[in-house]
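The next block holds one structure in the form of structure tokens; read it before the comments.
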Amino acid sequence: MRVGVIGVGAMGKNHVRVYSELKSVDEVGVCDLNAAAAKAIAQQHGATAFESVDKLLKKVDAVSVCVPTPFHAAIVRQVFAAGKSVLIEKPICATAKEAHELMSHAPAGITVGVGHIERFNPVVAEIKKIIKKPLYVEMKRHNPASARVTGSSVVEDLMIHDIDILLNVLFPEPCSIHSAGNNDVCSVLMNCGSIPVALSASRKSSKKIRMIYIEEEEFTIEGDFMSQEVMIYRKPGQYQFEAERYVQENIIEKVMVNKLEPLKLELSTFIDCAKRGLPFPVTPAQAIRNLETCEKIRASFIS
């Protein structure tokens, strides 16, 4: 299959790298307004650089759109007009309204997916298999400041990953939202049914954190998205006081996680779906709902 990557910024470069490593991909094409950058990344990975999006679309079967978010709608419309399958990097568009309008132009017979990469982290699938009746859920996504992101708040940049997992994997029912923060730091408390959920995200941290914490009646789960490790803490076998200190003995289990690169799984899944004409696991409808939730959160802390 012939695949193209439109936009070779921080994320686009990774798409080119991974596509070049997949056996299911025969040729990789790249295109960027910065022609020199496109040519350099093409030479590095044995791809072909194209002068324009139109020329690229004539030579490929499917594309990843990795341009800055404000340009998603315009580029994807070109892809739709060419009748090619497309994976749109998150968020799907700058606004949910724009995304709804864009998807009204999607032609039949193609695969349209959205790149919420953390959905493909093996930690998510393992935790989904373990949880039964959560009592409390907490997710943290903190990052040092980065120059790679412009034009979006920390909610659309970082927290949207946890929103996607929360709404589309753990709790499909509606959640009430209470939030506080600004463009760089945000804290959210949700009630998913009767279950309190706490989310936090920051672009001002001195430590990179990607974690999920879930409490149930009989055990507690901790997951690290970066190390791809999951730990289960069972109820203590005994409680006691020693030298005026409270002591408990927990049973700790380390879950066997099949570690892999989430982007590689995401892109190989996209190629398979495009070849077979199947829906991508992260649908435009889910991505729009994620973005609508982001907008509700921002509206709460901006007002």
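Chain identifiers are assigned as A, B, and so on, following the order in which chains appear in the structure tokens; residues are numbered from 1 within each chain, and ligands are numbered from 1 in order of appearance.
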Query raised in the report: stretch 41-171 of chain A: which residues are strand (DSSP E) by DSSP, as a VMD selection string?
Result: chain A and resid 48 to 49 62 to 65 85 to 89 112 to 115 136 to 142
Requested in this report: Write out as a PyMOL selection string which residues come within 10 Å of stretch 278-292 of chain A when counting only C-alpha atoms, dropping same-chain ones fewer than 5 positions away.
Outcome: chain A and resi 86-88+90-100+103+109-117+119-120+155-156+159-168+266+269-273+297-298
The selected residues should be written to file as an mmCIF file, in the first residue's frame (atoms: C-alpha atoms).
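As a result, part10.cif now contains:
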data_model
loop_
_atom_site.group_PDB
_atom_site.id
_atom_site.type_symbol
_atom_site.label_atom_id
_atom_site.label_comp_id
_atom_site.auth_asym_id
_atom_site.auth_seq_id
_atom_site.Cartn_x
_atom_site.Cartn_y
_atom_site.Cartn_z
ATOM 1 C CA VAL A 86 -7.127 9.527 6.052
ATOM 2 C CA LEU A 87 -5.806 9.462 9.600
ATOM 3 C CA ILE A 88 -6.102 12.923 11.178
ATOM 4 C CA LYS A 90 -5.628 14.818 17.248
ATOM 5 C CA PRO A 91 -7.503 16.980 17.825
ATOM 6 C CA ILE A 92 -9.660 16.351 14.761
ATOM 7 C CA CYS A 93 -10.165 20.094 14.141
ATOM 8 C CA ALA A 94 -9.754 23.426 15.873
ATOM 9 C CA THR A 95 -13.386 23.344 17.087
ATOM 10 C CA ALA A 96 -16.144 20.761 17.319
ATOM 11 C CA LYS A 97 -18.320 22.905 15.042
ATOM 12 C CA GLU A 98 -15.609 22.883 12.383
ATOM 13 C CA ALA A 99 -15.241 19.105 12.766
ATOM 14 C CA HIS A 100 -18.969 18.501 12.314
ATOM 15 C CA MET A 103 -17.256 15.352 8.343
ATOM 16 C CA GLY A 109 -16.080 4.053 0.959
ATOM 17 C CA ILE A 110 -13.003 5.453 2.720
ATOM 18 C CA THR A 111 -11.611 5.003 6.218
ATOM 19 C CA VAL A 112 -11.467 8.158 8.349
ATOM 20 C CA GLY A 113 -9.697 7.865 11.690
ATOM 21 C CA VAL A 114 -8.295 10.223 14.306
ATOM 22 C CA GLY A 115 -4.870 9.797 15.874
ATOM 23 C CA HIS A 116 -5.556 9.546 19.593
ATOM 24 C CA ILE A 117 -2.355 7.573 20.062
ATOM 25 C CA ARG A 119 -5.776 4.527 22.897
ATOM 26 C CA PHE A 120 -3.203 2.128 21.408
ATOM 27 C CA VAL A 155 -6.670 20.562 27.493
ATOM 28 C CA GLU A 156 -6.561 19.906 23.727
ATOM 29 C CA MET A 159 -5.661 16.168 28.665
ATOM 30 C CA ILE A 160 -7.574 15.135 25.541
ATOM 31 C CA HIS A 161 -5.699 11.782 25.615
ATOM 32 C CA ASP A 162 -7.144 10.938 29.018
ATOM 33 C CA ILE A 163 -10.563 12.281 28.035
ATOM 34 C CA ASP A 164 -10.529 9.873 25.084
ATOM 35 C CA ILE A 165 -9.667 6.886 27.297
ATOM 36 C CA LEU A 166 -12.179 7.934 29.932
ATOM 37 C CA LEU A 167 -15.155 8.470 27.601
ATOM 38 C CA ASN A 168 -14.526 5.788 24.998
ATOM 39 C CA GLU A 266 -1.975 2.842 15.573
ATOM 40 C CA THR A 269 -4.197 -0.619 12.388
ATOM 41 C CA PHE A 270 -5.002 2.339 10.121
ATOM 42 C CA ILE A 271 -3.363 0.674 7.124
ATOM 43 C CA ASP A 272 -5.254 -2.564 7.778
ATOM 44 C CA CYS A 273 -8.574 -0.709 8.102
ATOM 45 C CA ILE A 297 -13.748 22.239 30.284
ATOM 46 C CA ARG A 298 -12.191 25.368 28.815
#
Requested in this report: Have a look at A:Val257, A:Ala42, A:Phe219, A:Asn143 and name the one nearest to A:Ser202; count only C-alpha atoms.
Outcome: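 Among the listed residues, the smallest separation from A:Ser202 belongs to A:Asn143.
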Query - Residue among A:Glu27, A:Glu295, A:Glu216, A:Glu118 lying closest to A:Gln228, counting only C-alpha atoms - result: A:Glu118
Requested in this report: Point out the residue among A:Gln43, A:Ser64, A:Ser205, A:Ser52 with the least atom-to-atom distance to A:Cys31, counting only C-alpha atoms.
Outcome: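 Counting only C-alpha atoms, the residue closest to A:Cys31 is A:Ser52.
Reported to one decimal place, the separation of atom CA of A:Leu22 from atom CA of A:Ala74 is 28.2 Å.
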Report task. Please identify which residues in stretch 30-164 of chain A DSSP calls alpha helix (DSSP H) from the backbone, and express them as a count of residues only. Result -> 50
Query raised in the report: For A:Val63, which residue out of A:Glu89, A:Asp184, A:Glu261, A:Asp157 is the nearest one, using only C-alpha atoms?
Result: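 For A:Val63, the nearest of the given residues is A:Glu89.
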Query raised in the report: Leaving out A:Thr220 and any residue of its chain fewer than 3 positions from it, which residues lie within 9 Å of it when counting only C-alpha atoms, given as number ranges by chain?
Result: A: 213-217, 231-235
Query raised in the report: Of the candidates A:Ala180, A:Cys175, A:Met139, A:Leu267, which one gets nearest to A:Phe225 if we count only C-alpha atoms?
Result: A:Met139
Query raised in the report: Given the choices A:Lys39, A:Glu101, A:Arg276, A:Gly9, which gets closest to A:Thr69 if the distance is worked out from only C-alpha atoms?
Result: A:Gly9
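Residue neighbourhood of A:Val255, excluding near-sequence residues (fewer than 4 positions): Pro122, Val123, Ala125, Glu126, Ile127, Lys129, Ile130, Ile221, Glu222, Gly223, Asp224, Gln228, Glu229, Val230, Met231, Ile232, Tyr233 and Lys259 of chain A, at 12 Å, using only C-alpha atoms.
What separates atom CA of A:Val185 from atom CA of A:Leu199 is a distance of 11.1 Å.
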